[in-house]
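Trainee: My questions all concern the structure below.
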Amino acid sequence: KNLRNRMCKSKMRTAVRNFETAVEQNKLDEAKALYPIAASAVDRAATKGVIHKNAASRKKSRMALRLNKASV
């Protein structure tokens with residue numbers, strides 16, 4: 001269980017990091033493509049109980065805000 005949880009959390013963190021890197025480097029097209037992947041990874045972690053569902057919602061909301069702020 002510990003290995004599965006670590007693996008799931010690692011995939012989530014990597015997806016979120018890739019998205020945030022794209023936003024910071026102003027690669028908006030890439031960031032828009034990476035957002036659904038990152039959001040899906042966050043949802044998957046919440047579904048498996050690795051993170052709380054409210055934490056997942058908060059992460060997705062903050063990513064969406066960063067993407068929208070960078071787009072403007």
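Ligands are numbered from 1 in the order shown, chains are lettered A, B, ... in the order of the structure tokens, and residues start at 1 in each chain.
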Which residues, written as a list in words, have at least one atom at most 8 Å from stretch 27-36 of chain A, with only C-alpha atoms counted and residues fewer than 6 positions away on the same chain left out?
Mentor: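 These residues fall inside the cut-off: Ala15, Asn18, Phe19, Glu20, Met63, Ala64, Leu67, Ala70 and Ser71 of chain A.
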Trainee: Extract, using only C-alpha atoms, all DNA, RNA and protein residues at most 8 Å from A:Ala56, discarding same-chain residues fewer than 4 positions from it, and format them as a PyMOL selection string.
Mentor: chain A and resi 42-43+45-46+51-52+60
Trainee: Create the file for the chosen residues now, containing C-alpha atoms and written as a PDB file, in the first residue's frame.
Mentor:
ATOM      1  CA  VAL A  42      -4.750  15.072  -8.805  1.00  0.00           C
ATOM      2  CA  ASP A  43      -8.233  13.541  -9.123  1.00  0.00           C
ATOM      3  CA  ALA A  45      -4.756  10.600  -6.167  1.00  0.00           C
ATOM      4  CA  ALA A  46      -7.893  11.800  -4.374  1.00  0.00           C
ATOM      5  CA  ILE A  51      -4.782  13.025  -0.741  1.00  0.00           C
ATOM      6  CA  HIS A  52      -8.039  14.418   0.622  1.00  0.00           C
ATOM      7  CA  LYS A  60      -6.988  22.121  -9.236  1.00  0.00           C
TER       8      LYS A  60
END
Trainee: Calculated over only C-alpha atoms, which of the candidates A:Met12, A:Gln25, A:Lys53, A:Arg66 has the smallest distance to A:Ser40?
Mentor: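 So, comparing all the options, the nearest one is A:Met12.
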Trainee: Would you please work out which residue, of A:Ala22, A:Leu3, A:Leu65, A:Cys8, is nearest to A:Lys48 when using only C-alpha atoms?
Mentor: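 Residue with the minimum atom-to-atom distance to A:Lys48: A:Cys8.
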